[in-house]
Amino acid sequence: MSGNSEHQTKHQALCKAEVEKINWLDNIFIFLLIITSWQGFFYGLLAGLLRLAGWLVAFYAAVRYHRPLAQWLADQWGWADYLARLLGSFIKLPAPFNSQEILSLPVGMLQKLSSQFVLPAPWPEIIDLLGRWGQHCTVGQAFNLLLAHALLNICSLVAVILAVRIIAGWLMSVVSFIVKFSPLGPVDKLAGLLLGFCTGIVIITLIISVLVPLQVPLALLGTQGLTAELARGISESLIIAKWQPLVQNLHILPSLGPRFDKSLFKYLPAGPGTQI
């Protein structure tokens, strides 16, 4: 009996070690941290300060302005509607939504039907989100719009970050050209190393803020090949698993799209998406 118990304990420990090992995405984060630290050491204190300030400004601008930009693109240019039409044939919906009968129902009727039963998570949350697009909108249309607006938010966040970084990079090159050397010597290098490390932390936080909300669109789009590998990498990343709760508790990351419990993904069918 004790032998079985010991074997079980070892098996559980091995399973835990297997789950908690780093994956290819974690290796990219670690490599990025090494690169930014080395750049900080190489370029010194002033360049390190400028780089860190540039990323912090980009972070603030992205959090502050990505949603107005996404809303403007949706209202003035119709990008959300265009994305919804484009993605309609690729979406892979969780059962029981992957049937034409459910997809053609008005959202209001689905809400009335679902109110008569006690549904397990995450179905109440999904139906509540669908209701935000209008009672007369069909379930299929609501799913399309939900996913399209989430992707538009993510693209807007990335666009603001890139725009600010380009401007900040140009300013940094001008200032670095004016101040070509520092009299601080080794202290300058060590301070640059520390600032480079902090810059890497900011960059990784920004990347995670984009990757985490991507899980739902990737799952609903019926990912295959490289996109499936990306979805699996995000889900199994040890750094994201440890980092995400800490950052969320600080309330510094925007909500780019719907955040469902991972129990949603087990209801997704295999194969290509559902035509909406």
# chains A, B, ... in the order shown; residues from 1 in each chain; ligands from 1
$ residues_around --residues "range 224-237 of chain A" --least-positions-apart "3" --cutoff "8 Å" --atoms "only C-alpha atoms" --output "list in words"
Val19, Ile22, Asn23, Trp24, Leu25, Asp26, Leu211, Val212, Gln215, Leu218, Ala219, Ile240 and Ala241 of chain A
$ write_last_selection --atoms "N, CA and C atoms" --output "PDB file, in the first residue's frame"
ATOM      1  N   VAL A  19       4.330  20.141 -16.156  1.00  0.00           N
ATOM      2  CA  VAL A  19       3.436  21.264 -16.401  1.00  0.00           C
ATOM      3  C   VAL A  19       4.172  22.586 -16.251  1.00  0.00           C
ATOM      4  N   ILE A  22       9.428  25.459 -18.673  1.00  0.00           N
ATOM      5  CA  ILE A  22       9.295  26.588 -19.592  1.00  0.00           C
ATOM      6  C   ILE A  22       9.159  26.074 -21.026  1.00  0.00           C
ATOM      7  N   ASN A  23       8.463  26.846 -21.858  1.00  0.00           N
ATOM      8  CA  ASN A  23       8.289  26.454 -23.257  1.00  0.00           C
ATOM      9  C   ASN A  23       9.010  27.444 -24.168  1.00  0.00           C
ATOM     10  N   TRP A  24       8.774  27.320 -25.467  1.00  0.00           N
ATOM     11  CA  TRP A  24       9.496  28.154 -26.438  1.00  0.00           C
ATOM     12  C   TRP A  24       9.181  29.637 -26.263  1.00  0.00           C
ATOM     13  N   LEU A  25       7.955  29.964 -25.843  1.00  0.00           N
ATOM     14  CA  LEU A  25       7.595  31.366 -25.634  1.00  0.00           C
ATOM     15  C   LEU A  25       8.334  31.940 -24.425  1.00  0.00           C
ATOM     16  N   ASP A  26       8.476  31.130 -23.372  1.00  0.00           N
ATOM     17  CA  ASP A  26       9.257  31.560 -22.206  1.00  0.00           C
ATOM     18  C   ASP A  26      10.709  31.815 -22.595  1.00  0.00           C
ATOM     19  N   LEU A 211      -0.831  39.131 -25.904  1.00  0.00           N
ATOM     20  CA  LEU A 211      -0.975  37.689 -26.115  1.00  0.00           C
ATOM     21  C   LEU A 211      -2.130  37.081 -25.329  1.00  0.00           C
ATOM     22  N   VAL A 212      -2.314  37.522 -24.080  1.00  0.00           N
ATOM     23  CA  VAL A 212      -3.350  36.905 -23.231  1.00  0.00           C
ATOM     24  C   VAL A 212      -4.748  37.052 -23.831  1.00  0.00           C
ATOM     25  N   GLN A 215      -5.964  34.701 -26.783  1.00  0.00           N
ATOM     26  CA  GLN A 215      -6.330  33.295 -26.607  1.00  0.00           C
ATOM     27  C   GLN A 215      -7.751  33.011 -27.089  1.00  0.00           C
ATOM     28  N   LEU A 218      -7.965  33.265 -31.002  1.00  0.00           N
ATOM     29  CA  LEU A 218      -7.274  32.124 -31.590  1.00  0.00           C
ATOM     30  C   LEU A 218      -8.084  30.849 -31.425  1.00  0.00           C
ATOM     31  N   ALA A 219      -8.702  30.679 -30.255  1.00  0.00           N
ATOM     32  CA  ALA A 219      -9.511  29.482 -30.014  1.00  0.00           C
ATOM     33  C   ALA A 219     -10.747  29.466 -30.900  1.00  0.00           C
ATOM     34  N   ILE A 240       3.950  33.571 -18.484  1.00  0.00           N
ATOM     35  CA  ILE A 240       2.633  34.212 -18.581  1.00  0.00           C
ATOM     36  C   ILE A 240       1.753  33.793 -17.415  1.00  0.00           C
ATOM     37  N   ALA A 241       1.797  32.512 -17.050  1.00  0.00           N
ATOM     38  CA  ALA A 241       0.971  32.017 -15.939  1.00  0.00           C
ATOM     39  C   ALA A 241       1.328  32.698 -14.624  1.00  0.00           C
TER      40      ALA A 241
END
$ residues_around --residues "Trp38 in chain A" --least-positions-apart "6" --cutoff "12 Å" --atoms "only C-alpha atoms" --output "list in words"
Phe31, Leu32, Gly44, Gly48, Lys189, Leu190, Ala191, Gly192, Leu193, Leu194, Leu195, Gly196, Phe197, Cys198, Thr199 and Gly200 of chain A
$ write_last_selection --atoms "C-alpha atoms" --output "short mmCIF file (atom, residue, chain, number, x, y, z; two decimals), in the first residue's frame"
data_model
loop_
_atom_site.label_atom_id
_atom_site.label_comp_id
_atom_site.auth_asym_id
_atom_site.auth_seq_id
_atom_site.Cartn_x
_atom_site.Cartn_y
_atom_site.Cartn_z
CA PHE A 31 16.24 35.95 -24.54
CA LEU A 32 14.53 39.35 -24.85
CA GLY A 44 25.01 53.15 -20.78
CA GLY A 48 19.00 53.29 -20.98
CA LYS A 189 27.49 50.65 -17.61
CA LEU A 190 25.97 49.03 -14.50
CA ALA A 191 23.18 51.61 -14.33
CA GLY A 192 22.53 51.00 -18.03
CA LEU A 193 22.38 47.24 -17.36
CA LEU A 194 19.75 47.75 -14.65
CA LEU A 195 17.70 50.10 -16.83
CA GLY A 196 17.99 47.66 -19.73
CA PHE A 197 16.61 44.91 -17.50
CA CYS A 198 13.70 47.16 -16.48
CA THR A 199 13.09 47.98 -20.14
CA GLY A 200 12.87 44.26 -20.87
#
$ residues_around --residues "range 97-113 of chain A" --least-positions-apart "5" --cutoff "7 Å" --atoms "only C-alpha atoms" --output "list in words"
Ile127, Leu130, Gly131, Gln135, His136, Cys137, Thr138, Val139, Gly140 and Thr274 of chain A
$ select_by_dssp --residues "range 127-256 of chain A" --states "alpha helix (DSSP H)" --output "PDB file with C-alpha atoms, in the first residue's frame"
ATOM      1  CA  ILE A 127     -24.668  34.897 -23.313  1.00  0.00           C
ATOM      2  CA  ASP A 128     -24.359  38.136 -21.320  1.00  0.00           C
ATOM      3  CA  LEU A 129     -21.582  39.356 -23.634  1.00  0.00           C
ATOM      4  CA  LEU A 130     -23.615  38.485 -26.722  1.00  0.00           C
ATOM      5  CA  GLY A 131     -26.509  40.547 -25.345  1.00  0.00           C
ATOM      6  CA  VAL A 139     -26.223  34.851 -32.119  1.00  0.00           C
ATOM      7  CA  GLY A 140     -23.928  34.404 -35.133  1.00  0.00           C
ATOM      8  CA  GLN A 141     -23.744  38.149 -35.798  1.00  0.00           C
ATOM      9  CA  ALA A 142     -23.091  38.864 -32.111  1.00  0.00           C
ATOM     10  CA  PHE A 143     -20.222  36.352 -32.000  1.00  0.00           C
ATOM     11  CA  ASN A 144     -18.710  37.914 -35.118  1.00  0.00           C
ATOM     12  CA  LEU A 145     -18.928  41.443 -33.701  1.00  0.00           C
ATOM     13  CA  LEU A 146     -17.556  40.344 -30.320  1.00  0.00           C
ATOM     14  CA  LEU A 147     -14.498  38.791 -31.938  1.00  0.00           C
ATOM     15  CA  ALA A 148     -14.044  41.629 -34.460  1.00  0.00           C
ATOM     16  CA  HIS A 149     -14.034  44.346 -31.784  1.00  0.00           C
ATOM     17  CA  ALA A 150     -11.588  42.331 -29.645  1.00  0.00           C
ATOM     18  CA  LEU A 151      -9.183  41.986 -32.583  1.00  0.00           C
ATOM     19  CA  LEU A 152      -9.600  45.675 -33.431  1.00  0.00           C
ATOM     20  CA  ASN A 153      -8.700  46.610 -29.839  1.00  0.00           C
ATOM     21  CA  ILE A 154      -5.583  44.425 -30.003  1.00  0.00           C
ATOM     22  CA  CYS A 155      -4.511  45.879 -33.379  1.00  0.00           C
ATOM     23  CA  SER A 156      -5.088  49.433 -32.112  1.00  0.00           C
ATOM     24  CA  LEU A 157      -2.963  48.773 -29.013  1.00  0.00           C
ATOM     25  CA  VAL A 158      -0.109  47.442 -31.158  1.00  0.00           C
ATOM     26  CA  ALA A 159      -0.432  50.364 -33.611  1.00  0.00           C
ATOM     27  CA  VAL A 160      -0.177  52.983 -30.839  1.00  0.00           C
ATOM     28  CA  ILE A 161       2.845  51.215 -29.320  1.00  0.00           C
ATOM     29  CA  LEU A 162       4.650  51.089 -32.680  1.00  0.00           C
ATOM     30  CA  ALA A 163       3.858  54.727 -33.509  1.00  0.00           C
ATOM     31  CA  VAL A 164       5.128  56.016 -30.159  1.00  0.00           C
ATOM     32  CA  ARG A 165       8.207  53.782 -30.305  1.00  0.00           C
ATOM     33  CA  ILE A 166       9.155  55.089 -33.763  1.00  0.00           C
ATOM     34  CA  ILE A 167       8.954  58.691 -32.538  1.00  0.00           C
ATOM     35  CA  ALA A 168      10.778  57.855 -29.281  1.00  0.00           C
ATOM     36  CA  GLY A 169      13.475  55.957 -31.192  1.00  0.00           C
ATOM     37  CA  TRP A 170      14.112  58.956 -33.431  1.00  0.00           C
ATOM     38  CA  LEU A 171      14.361  61.309 -30.431  1.00  0.00           C
ATOM     39  CA  MET A 172      16.698  58.879 -28.659  1.00  0.00           C
ATOM     40  CA  SER A 173      19.016  58.719 -31.670  1.00  0.00           C
ATOM     41  CA  VAL A 174      19.193  62.537 -31.784  1.00  0.00           C
ATOM     42  CA  VAL A 175      19.994  62.871 -28.058  1.00  0.00           C
ATOM     43  CA  SER A 176      22.484  59.973 -28.146  1.00  0.00           C
ATOM     44  CA  PHE A 177      24.283  61.644 -31.041  1.00  0.00           C
ATOM     45  CA  ILE A 178      24.601  64.894 -29.063  1.00  0.00           C
ATOM     46  CA  PRO A 186      31.687  51.500 -14.947  1.00  0.00           C
ATOM     47  CA  VAL A 187      28.826  53.042 -12.946  1.00  0.00           C
ATOM     48  CA  ASP A 188      27.302  54.199 -16.227  1.00  0.00           C
ATOM     49  CA  LYS A 189      27.486  50.648 -17.606  1.00  0.00           C
ATOM     50  CA  LEU A 190      25.969  49.035 -14.503  1.00  0.00           C
ATOM     51  CA  ALA A 191      23.180  51.607 -14.335  1.00  0.00           C
ATOM     52  CA  GLY A 192      22.533  50.999 -18.026  1.00  0.00           C
ATOM     53  CA  LEU A 193      22.378  47.245 -17.359  1.00  0.00           C
ATOM     54  CA  LEU A 194      19.746  47.754 -14.654  1.00  0.00           C
ATOM     55  CA  LEU A 195      17.702  50.096 -16.832  1.00  0.00           C
ATOM     56  CA  GLY A 196      17.987  47.657 -19.735  1.00  0.00           C
ATOM     57  CA  PHE A 197      16.609  44.908 -17.504  1.00  0.00           C
ATOM     58  CA  CYS A 198      13.696  47.163 -16.484  1.00  0.00           C
ATOM     59  CA  THR A 199      13.087  47.980 -20.145  1.00  0.00           C
ATOM     60  CA  GLY A 200      12.875  44.260 -20.871  1.00  0.00           C
ATOM     61  CA  ILE A 201      10.295  43.863 -18.092  1.00  0.00           C
ATOM     62  CA  VAL A 202       8.165  46.633 -19.629  1.00  0.00           C
ATOM     63  CA  ILE A 203       8.422  45.101 -23.126  1.00  0.00           C
ATOM     64  CA  ILE A 204       7.484  41.630 -21.844  1.00  0.00           C
ATOM     65  CA  THR A 205       4.515  43.109 -19.967  1.00  0.00           C
ATOM     66  CA  LEU A 206       3.345  44.784 -23.179  1.00  0.00           C
ATOM     67  CA  ILE A 207       3.710  41.547 -25.142  1.00  0.00           C
ATOM     68  CA  ILE A 208       1.780  39.596 -22.504  1.00  0.00           C
ATOM     69  CA  SER A 209      -0.953  42.258 -22.518  1.00  0.00           C
ATOM     70  CA  VAL A 210      -1.430  41.478 -26.229  1.00  0.00           C
ATOM     71  CA  LEU A 211      -0.975  37.689 -26.115  1.00  0.00           C
ATOM     72  CA  VAL A 212      -3.350  36.905 -23.231  1.00  0.00           C
ATOM     73  CA  PRO A 213      -6.510  38.366 -24.847  1.00  0.00           C
ATOM     74  CA  LEU A 214      -5.483  36.703 -28.120  1.00  0.00           C
ATOM     75  CA  GLN A 215      -6.330  33.295 -26.607  1.00  0.00           C
ATOM     76  CA  VAL A 216     -10.079  33.688 -27.173  1.00  0.00           C
ATOM     77  CA  PRO A 217      -9.824  34.851 -30.840  1.00  0.00           C
ATOM     78  CA  LEU A 218      -7.274  32.124 -31.590  1.00  0.00           C
ATOM     79  CA  ALA A 219      -9.511  29.482 -30.014  1.00  0.00           C
ATOM     80  CA  LEU A 220     -12.650  30.683 -31.795  1.00  0.00           C
ATOM     81  CA  LEU A 226       1.551  28.029 -36.579  1.00  0.00           C
ATOM     82  CA  THR A 227      -1.463  29.746 -35.007  1.00  0.00           C
ATOM     83  CA  ALA A 228      -2.299  26.560 -33.100  1.00  0.00           C
ATOM     84  CA  GLU A 229       1.289  26.439 -31.845  1.00  0.00           C
ATOM     85  CA  LEU A 230       1.023  30.079 -30.740  1.00  0.00           C
ATOM     86  CA  ALA A 231      -2.247  29.379 -28.896  1.00  0.00           C
ATOM     87  CA  ARG A 232      -0.661  26.394 -27.153  1.00  0.00           C
ATOM     88  CA  GLY A 233       2.457  28.416 -26.338  1.00  0.00           C
ATOM     89  CA  ILE A 234       0.383  31.162 -24.672  1.00  0.00           C
ATOM     90  CA  SER A 235      -1.685  28.644 -22.723  1.00  0.00           C
ATOM     91  CA  GLU A 236       1.331  26.646 -21.493  1.00  0.00           C
ATOM     92  CA  LEU A 238       5.108  29.433 -17.319  1.00  0.00           C
ATOM     93  CA  ILE A 239       6.086  33.125 -17.389  1.00  0.00           C
ATOM     94  CA  ILE A 240       2.633  34.212 -18.581  1.00  0.00           C
ATOM     95  CA  ALA A 241       0.971  32.017 -15.939  1.00  0.00           C
ATOM     96  CA  LYS A 242       3.070  33.596 -13.156  1.00  0.00           C
ATOM     97  CA  TRP A 243       3.144  37.131 -14.578  1.00  0.00           C
ATOM     98  CA  GLN A 244      -0.474  37.622 -15.615  1.00  0.00           C
ATOM     99  CA  PRO A 245      -2.112  37.483 -12.125  1.00  0.00           C
ATOM    100  CA  LEU A 246       0.516  39.861 -10.719  1.00  0.00           C
ATOM    101  CA  VAL A 247      -0.015  42.415 -13.482  1.00  0.00           C
ATOM    102  CA  GLN A 248      -3.809  42.051 -13.368  1.00  0.00           C
ATOM    103  CA  ASN A 249      -3.786  42.788  -9.635  1.00  0.00           C
ATOM    104  CA  LEU A 250      -2.030  46.081 -10.384  1.00  0.00           C
TER     105      LEU A 250
END
$ atom_distance --atom1 "CA of Gln71 in chain A" --atom2 "CA of Trp55 in chain A"
23.9 Å
$ atom_distance --atom1 "CA of Gly40 in chain A" --atom2 "CA of Leu52 in chain A"
9.6 Å
$ atom_distance --atom1 "CA of Leu69 in chain A" --atom2 "CA of Leu83 in chain A"
15.6 Å
